Amino acid sequence: MKKEPRARQFMYVQDLDHLKVKEDDLSDILNKSGALEWVYINHDKDPKKDEDGKIIRPHIHVVLKYENPQKVSTVANLFKDKSQYVDVWKGRIANAYSYLLHETEEAREQGKHVYKVSEAVASFDFPARMKSIRAKITKSPKYISSLVDQYAEGKLTYDELEQLIGVSQLARRKKLIDQITELRAEKEHEKWLKDFKGKRMKVLWLYGVAGVGKTRFAEYLLRNKKYAILGSSRDYFQDYNGEHYIILNDLRPRDFNYSDLLRILDPYQHDKAAPSRYHDKKLNAEEIIITTPYSPDDFYKYIFVDDRRVDTVEQLLRRIQPLHITKHFIKKRLKTKKSKQDDQDNA
């Protein structure tokens, strides 16, 4: 009888429909497996078919690394499954981890979906490990070009592209990537203009003394939204990337001239751009929250205005909803929040 081989590294793959254990139980199972480290991911965003026309169903990948050699059947038993679904991983474990996210050149060439680090579940700091792995990988020009294509198609964010190819490769292709970024922003802006047509942009003006909690309150109001917090820079919109919700933090009269500010805050004129150092940025703003030490009237006194007979304070007041933030106000809001949470807990 042939002796069953042993190994230290394994990959288990099974369709979700045929998984013999509950997906929610995988972490507990793997914690009890005795593995030195493990990680798994649900591949549910792959193309429907592979290059040969074979259907690709949502499936689980699990990578296990042991200190001492184990049998394939032992690993299969963890999942109450057959040994045929467990492979010995003969390569470097780093390659297995890269494959889980489809960051290998082979996976890219096959057009497979690139998964985010946050989509994997691991027994160790997987994001830190992948950062280290990526730093050591020498990527071919073809592979890097495929990543740039993925970015152009909107399948990767700018931050994800930078993580995958590194800062030096990003710098080498800066002109091309900047052009792609600009074209993507233009397309996203045109689509957003159609979706938001006829709607009013909301502008909150939160003012109060320093340290009272204006920024914290602004972030609380947008806690369930993806927002950009901008400020503390001569180039206010340098970090703006098309977000629909914006916090202009600690706004001062010297930061904008009055006509630019009025244009940015116009609630019905949506096809507009904000001034930025290298090129103006198209705004997709559905809500802007301003935090500032100045009340609207005081702000108007100190901001540069070409002609105060034409550009009056009323133009600012028509665009905004002022809210005076005090310690008492914050305390009252937090108390109301706690009371509502208690009611929900007791319901």
# chains A, B, ... in the order shown; residues from 1 in each chain; ligands from 1
call {"tool": "residues_around", "arguments": {"residues": "Ile165 (chain A)", "least_positions_apart": "5", "cutoff": "8 Å", "atoms": "only C-alpha atoms", "output": "PyMOL selection string"}}
result
chain A and resi 134+139+144+147+170
call {"tool": "residues_around", "arguments": {"residues": "Ser123 (chain A)", "least_positions_apart": "2", "cutoff": "7 Å", "atoms": "only C-alpha atoms", "output": "tab-separated table (two decimals) with all heavy atoms, in the first residue's frame"}}
result
chain	number	residue	atom	x	y	z
A	37	GLU	N	0.03	28.96	10.69
A	37	GLU	CA	-0.72	30.11	10.21
A	37	GLU	C	-1.68	29.67	9.11
A	37	GLU	O	-1.45	28.67	8.43
A	37	GLU	CB	0.21	31.23	9.71
A	37	GLU	CG	1.16	30.82	8.61
A	37	GLU	CD	2.15	31.94	8.27
A	37	GLU	OE1	2.71	32.54	9.22
A	37	GLU	OE2	2.35	32.21	7.07
A	38	TRP	N	-2.76	30.41	8.98
A	38	TRP	CA	-3.76	30.10	7.96
A	38	TRP	C	-4.43	31.36	7.47
A	38	TRP	O	-4.44	32.39	8.15
A	38	TRP	CB	-4.82	29.12	8.50
A	38	TRP	CG	-5.52	29.58	9.76
A	38	TRP	CD1	-5.25	29.21	11.05
A	38	TRP	CD2	-6.62	30.51	9.85
A	38	TRP	NE1	-6.08	29.85	11.93
A	38	TRP	CE2	-6.94	30.65	11.22
A	38	TRP	CE3	-7.34	31.24	8.91
A	38	TRP	CZ2	-7.97	31.50	11.67
A	38	TRP	CZ3	-8.37	32.09	9.36
A	38	TRP	CH2	-8.66	32.19	10.72
A	39	VAL	N	-4.99	31.27	6.27
A	39	VAL	CA	-5.74	32.38	5.68
A	39	VAL	C	-6.73	31.81	4.68
A	39	VAL	O	-6.44	30.83	4.00
A	39	VAL	CB	-4.80	33.42	5.02
A	39	VAL	CG1	-3.94	32.77	3.97
A	39	VAL	CG2	-5.59	34.59	4.42
call {"tool": "residues_around", "arguments": {"residues": "region 18-28 of chain A", "least_positions_apart": "3", "cutoff": "10 Å", "atoms": "only C-alpha atoms", "output": "PyMOL selection string"}}
result
chain A and resi 13-15+31-33+38-40+42+59-60+62+78-82+121-123
call {"tool": "residues_around", "arguments": {"residues": "region 4-8 of chain A", "least_positions_apart": "4", "cutoff": "6 Å", "atoms": "only C-alpha atoms", "output": "list of chain:residue names"}}
result
A:Lys65, A:Tyr66, A:Pro69, A:Gln70, A:Lys71
call {"tool": "write_last_selection", "arguments": {"atoms": "all heavy atoms", "output": "PDB file, in the first residue's frame"}}
result
ATOM      1  N   LYS A  65      -0.367  26.538   6.734  1.00  0.00           N
ATOM      2  CA  LYS A  65       1.067  26.275   6.876  1.00  0.00           C
ATOM      3  C   LYS A  65       1.303  25.670   8.260  1.00  0.00           C
ATOM      4  O   LYS A  65       0.931  26.253   9.277  1.00  0.00           O
ATOM      5  CB  LYS A  65       1.875  27.564   6.726  1.00  0.00           C
ATOM      6  CG  LYS A  65       3.377  27.368   6.895  1.00  0.00           C
ATOM      7  CD  LYS A  65       4.116  28.684   6.741  1.00  0.00           C
ATOM      8  CE  LYS A  65       5.612  28.486   6.947  1.00  0.00           C
ATOM      9  NZ  LYS A  65       6.360  29.756   6.806  1.00  0.00           N
ATOM     10  N   TYR A  66       1.919  24.478   8.273  1.00  0.00           N
ATOM     11  CA  TYR A  66       2.187  23.765   9.527  1.00  0.00           C
ATOM     12  C   TYR A  66       3.685  23.793   9.855  1.00  0.00           C
ATOM     13  O   TYR A  66       4.528  23.910   8.968  1.00  0.00           O
ATOM     14  CB  TYR A  66       1.735  22.309   9.414  1.00  0.00           C
ATOM     15  CG  TYR A  66       0.239  22.120   9.444  1.00  0.00           C
ATOM     16  CD1 TYR A  66      -0.514  22.168   8.277  1.00  0.00           C
ATOM     17  CD2 TYR A  66      -0.420  21.882  10.646  1.00  0.00           C
ATOM     18  CE1 TYR A  66      -1.887  21.984   8.301  1.00  0.00           C
ATOM     19  CE2 TYR A  66      -1.799  21.690  10.681  1.00  0.00           C
ATOM     20  CZ  TYR A  66      -2.517  21.742   9.510  1.00  0.00           C
ATOM     21  OH  TYR A  66      -3.886  21.559   9.538  1.00  0.00           O
ATOM     22  N   PRO A  69       5.168  18.242   9.289  1.00  0.00           N
ATOM     23  CA  PRO A  69       4.449  17.666   8.144  1.00  0.00           C
ATOM     24  C   PRO A  69       3.145  16.998   8.550  1.00  0.00           C
ATOM     25  O   PRO A  69       3.057  16.354   9.595  1.00  0.00           O
ATOM     26  CB  PRO A  69       5.451  16.649   7.593  1.00  0.00           C
ATOM     27  CG  PRO A  69       6.790  17.132   8.043  1.00  0.00           C
ATOM     28  CD  PRO A  69       6.560  17.741   9.401  1.00  0.00           C
ATOM     29  N   GLN A  70       2.132  17.170   7.689  1.00  0.00           N
ATOM     30  CA  GLN A  70       0.806  16.599   7.909  1.00  0.00           C
ATOM     31  C   GLN A  70       0.375  15.796   6.672  1.00  0.00           C
ATOM     32  O   GLN A  70       0.849  16.032   5.562  1.00  0.00           O
ATOM     33  CB  GLN A  70      -0.220  17.711   8.175  1.00  0.00           C
ATOM     34  CG  GLN A  70       0.123  18.635   9.313  1.00  0.00           C
ATOM     35  CD  GLN A  70       0.023  17.973  10.667  1.00  0.00           C
ATOM     36  OE1 GLN A  70      -0.887  17.186  10.903  1.00  0.00           O
ATOM     37  NE2 GLN A  70       0.961  18.286  11.553  1.00  0.00           N
ATOM     38  N   LYS A  71      -0.574  14.897   6.851  1.00  0.00           N
ATOM     39  CA  LYS A  71      -1.148  14.149   5.741  1.00  0.00           C
ATOM     40  C   LYS A  71      -2.210  15.006   5.044  1.00  0.00           C
ATOM     41  O   LYS A  71      -2.897  15.806   5.684  1.00  0.00           O
ATOM     42  CB  LYS A  71      -1.789  12.856   6.236  1.00  0.00           C
ATOM     43  CG  LYS A  71      -0.823  11.840   6.816  1.00  0.00           C
ATOM     44  CD  LYS A  71      -1.595  10.637   7.302  1.00  0.00           C
ATOM     45  CE  LYS A  71      -0.679   9.585   7.918  1.00  0.00           C
ATOM     46  NZ  LYS A  71      -1.441   8.420   8.415  1.00  0.00           N
TER      47      LYS A  71
END
call {"tool": "select_by_dssp", "arguments": {"residues": "region 114-198 of chain A", "states": "helix (DSSP H, G or I)", "output": "ChimeraX atom specification"}}
result
/A:117-119,126-136,141-152,158-172,174-195
call {"tool": "residues_around", "arguments": {"residues": "region 303-319 of chain A", "least_positions_apart": "6", "cutoff": "9 Å", "atoms": "only C-alpha atoms", "output": "PyMOL selection string"}}
result
chain A and resi 202-203+252-259+261-262+265-267+296-297
call {"tool": "atom_distance", "arguments": {"atom1": "CA of Glu190 (chain A)", "atom2": "CA of Gly242 (chain A)"}}
result
11.6 Å
call {"tool": "residues_around", "arguments": {"residues": "Gly91 (chain A)", "least_positions_apart": "3", "cutoff": "12 Å", "atoms": "only C-alpha atoms", "output": "PyMOL selection string"}}
result
chain A and resi 7-11+65+87-88+94-99
call {"tool": "write_last_selection", "arguments": {"atoms": "C-alpha atoms", "output": "PDB file, in the first residue's frame"}}
result
ATOM      1  CA  ALA A   7       3.755  18.180   3.696  1.00  0.00           C
ATOM      2  CA  ARG A   8       3.796  21.461   5.600  1.00  0.00           C
ATOM      3  CA  GLN A   9       1.844  23.679   3.190  1.00  0.00           C
ATOM      4  CA  PHE A  10      -1.609  23.070   1.719  1.00  0.00           C
ATOM      5  CA  MET A  11      -4.364  24.733  -0.269  1.00  0.00           C
ATOM      6  CA  LYS A  65       1.067  26.275   6.876  1.00  0.00           C
ATOM      7  CA  ASP A  87      -3.351  20.186  -2.788  1.00  0.00           C
ATOM      8  CA  VAL A  88       0.136  20.232  -1.373  1.00  0.00           C
ATOM      9  CA  ALA A  94       4.283  33.967  -0.275  1.00  0.00           C
ATOM     10  CA  ASN A  95       3.161  32.850  -3.744  1.00  0.00           C
ATOM     11  CA  ALA A  96       0.133  31.135  -2.233  1.00  0.00           C
ATOM     12  CA  TYR A  97      -0.839  34.325  -0.413  1.00  0.00           C
ATOM     13  CA  SER A  98      -0.395  36.376  -3.599  1.00  0.00           C
ATOM     14  CA  TYR A  99      -2.543  33.878  -5.491  1.00  0.00           C
TER      15      TYR A  99
END
call {"tool": "atom_distance", "arguments": {"atom1": "CA of Pro322 (chain A)", "atom2": "CA of Ser295 (chain A)"}}
result
7.9 Å
call {"tool": "closest_residue", "arguments": {"among": "A:Lys191, A:His61, A:Lys225, A:His328", "to": "Tyr245 (chain A)", "atoms": "only C-alpha atoms"}}
result
A:Lys225
call {"tool": "decode", "arguments": {"residues": "region 262-274 of chain A", "atoms": "all heavy atoms", "output": "mmCIF file, in the first residue's frame"}}
result
data_model
loop_
_atom_site.group_PDB
_atom_site.id
_atom_site.type_symbol
_atom_site.label_atom_id
_atom_site.label_comp_id
_atom_site.auth_asym_id
_atom_site.auth_seq_id
_atom_site.Cartn_x
_atom_site.Cartn_y
_atom_site.Cartn_z
ATOM 1 N N LEU A 262 -18.223 81.127 -3.306
ATOM 2 C CA LEU A 262 -19.636 81.151 -3.683
ATOM 3 C C LEU A 262 -19.924 80.134 -4.794
ATOM 4 O O LEU A 262 -20.956 79.458 -4.782
ATOM 5 C CB LEU A 262 -20.040 82.548 -4.147
ATOM 6 C CG LEU A 262 -20.096 83.639 -3.074
ATOM 7 C CD1 LEU A 262 -20.461 84.986 -3.702
ATOM 8 C CD2 LEU A 262 -21.077 83.293 -1.960
ATOM 9 N N ARG A 263 -18.999 80.019 -5.727
ATOM 10 C CA ARG A 263 -19.187 79.073 -6.829
ATOM 11 C C ARG A 263 -19.159 77.631 -6.317
ATOM 12 O O ARG A 263 -19.984 76.802 -6.710
ATOM 13 C CB ARG A 263 -18.083 79.290 -7.870
ATOM 14 C CG ARG A 263 -18.175 78.385 -9.075
ATOM 15 C CD ARG A 263 -17.206 78.849 -10.157
ATOM 16 N NE ARG A 263 -15.891 79.101 -9.593
ATOM 17 C CZ ARG A 263 -14.992 78.166 -9.319
ATOM 18 N NH1 ARG A 263 -15.290 76.891 -9.534
ATOM 19 N NH2 ARG A 263 -13.808 78.479 -8.838
ATOM 20 N N ILE A 264 -18.242 77.329 -5.408
ATOM 21 C CA ILE A 264 -18.145 75.977 -4.853
ATOM 22 C C ILE A 264 -19.402 75.614 -4.066
ATOM 23 O O ILE A 264 -19.878 74.481 -4.103
ATOM 24 C CB ILE A 264 -16.902 75.862 -3.948
ATOM 25 C CG1 ILE A 264 -15.625 75.904 -4.805
ATOM 26 C CG2 ILE A 264 -16.931 74.578 -3.115
ATOM 27 C CD1 ILE A 264 -14.355 76.052 -3.990
ATOM 28 N N LEU A 265 -19.971 76.594 -3.366
ATOM 29 C CA LEU A 265 -21.108 76.333 -2.491
ATOM 30 C C LEU A 265 -22.466 76.516 -3.173
ATOM 31 O O LEU A 265 -23.501 76.339 -2.516
ATOM 32 C CB LEU A 265 -21.034 77.254 -1.258
ATOM 33 C CG LEU A 265 -19.781 77.140 -0.385
ATOM 34 C CD1 LEU A 265 -19.905 78.028 0.846
ATOM 35 C CD2 LEU A 265 -19.518 75.692 0.017
ATOM 36 N N ASP A 266 -22.472 76.838 -4.452
ATOM 37 C CA ASP A 266 -23.743 77.000 -5.172
ATOM 38 C C ASP A 266 -24.505 75.675 -5.106
ATOM 39 O O ASP A 266 -24.021 74.643 -5.593
ATOM 40 C CB ASP A 266 -23.466 77.381 -6.627
ATOM 41 C CG ASP A 266 -24.736 77.814 -7.342
ATOM 42 O OD1 ASP A 266 -25.764 77.111 -7.216
ATOM 43 O OD2 ASP A 266 -24.714 78.850 -8.021
ATOM 44 N N PRO A 267 -25.723 75.668 -4.539
ATOM 45 C CA PRO A 267 -26.438 74.400 -4.299
ATOM 46 C C PRO A 267 -27.021 73.746 -5.543
ATOM 47 O O PRO A 267 -27.321 72.549 -5.536
ATOM 48 C CB PRO A 267 -27.552 74.810 -3.331
ATOM 49 C CG PRO A 267 -27.780 76.251 -3.602
ATOM 50 C CD PRO A 267 -26.448 76.825 -3.980
ATOM 51 N N TYR A 268 -27.190 74.511 -6.647
ATOM 52 C CA TYR A 268 -27.816 73.952 -7.839
ATOM 53 C C TYR A 268 -26.898 73.903 -9.060
ATOM 54 O O TYR A 268 -27.210 73.234 -10.043
ATOM 55 C CB TYR A 268 -29.085 74.738 -8.194
ATOM 56 C CG TYR A 268 -30.200 74.509 -7.197
ATOM 57 C CD1 TYR A 268 -30.608 75.517 -6.333
ATOM 58 C CD2 TYR A 268 -30.837 73.270 -7.105
ATOM 59 C CE1 TYR A 268 -31.622 75.299 -5.406
ATOM 60 C CE2 TYR A 268 -31.854 73.046 -6.186
ATOM 61 C CZ TYR A 268 -32.242 74.066 -5.334
ATOM 62 O OH TYR A 268 -33.232 73.846 -4.424
ATOM 63 N N GLN A 269 -25.778 74.591 -9.013
ATOM 64 C CA GLN A 269 -24.823 74.548 -10.110
ATOM 65 C C GLN A 269 -23.812 73.436 -9.813
ATOM 66 O O GLN A 269 -22.860 73.629 -9.076
ATOM 67 C CB GLN A 269 -24.106 75.901 -10.276
ATOM 68 C CG GLN A 269 -23.061 75.926 -11.378
ATOM 69 C CD GLN A 269 -23.587 75.457 -12.712
ATOM 70 O OE1 GLN A 269 -24.664 75.851 -13.136
ATOM 71 N NE2 GLN A 269 -22.840 74.597 -13.384
ATOM 72 N N HIS A 270 -24.059 72.276 -10.400
ATOM 73 C CA HIS A 270 -23.252 71.100 -10.049
ATOM 74 C C HIS A 270 -22.041 70.892 -10.960
ATOM 75 O O HIS A 270 -21.089 70.230 -10.549
ATOM 76 C CB HIS A 270 -24.134 69.845 -10.085
ATOM 77 C CG HIS A 270 -25.320 69.926 -9.190
ATOM 78 N ND1 HIS A 270 -25.264 70.460 -7.911
ATOM 79 C CD2 HIS A 270 -26.620 69.548 -9.380
ATOM 80 C CE1 HIS A 270 -26.458 70.402 -7.362
ATOM 81 N NE2 HIS A 270 -27.303 69.860 -8.222
ATOM 82 N N ASP A 271 -22.081 71.423 -12.167
ATOM 83 C CA ASP A 271 -20.954 71.235 -13.085
ATOM 84 C C ASP A 271 -19.908 72.308 -12.785
ATOM 85 O O ASP A 271 -19.828 73.334 -13.458
ATOM 86 C CB ASP A 271 -21.429 71.321 -14.532
ATOM 87 C CG ASP A 271 -20.348 70.886 -15.520
ATOM 88 O OD1 ASP A 271 -19.302 70.391 -15.062
ATOM 89 O OD2 ASP A 271 -20.554 71.057 -16.727
ATOM 90 N N LYS A 272 -19.113 72.022 -11.761
ATOM 91 C CA LYS A 272 -18.129 73.015 -11.318
ATOM 92 C C LYS A 272 -16.854 72.314 -10.887
ATOM 93 O O LYS A 272 -16.835 71.106 -10.624
ATOM 94 C CB LYS A 272 -18.694 73.836 -10.159
ATOM 95 C CG LYS A 272 -19.163 72.996 -8.977
ATOM 96 C CD LYS A 272 -20.031 73.814 -8.043
ATOM 97 C CE LYS A 272 -20.630 72.929 -6.953
ATOM 98 N NZ LYS A 272 -21.644 73.636 -6.147
ATOM 99 N N ALA A 273 -15.803 73.095 -10.811
ATOM 100 C CA ALA A 273 -14.505 72.556 -10.402
ATOM 101 C C ALA A 273 -13.936 73.405 -9.280
ATOM 102 O O ALA A 273 -14.214 74.599 -9.175
ATOM 103 C CB ALA A 273 -13.547 72.534 -11.589
ATOM 104 N N ALA A 274 -13.154 72.762 -8.435
ATOM 105 C CA ALA A 274 -12.492 73.464 -7.332
ATOM 106 C C ALA A 274 -11.058 73.769 -7.743
ATOM 107 O O ALA A 274 -10.406 72.951 -8.392
ATOM 108 C CB ALA A 274 -12.507 72.608 -6.072
#
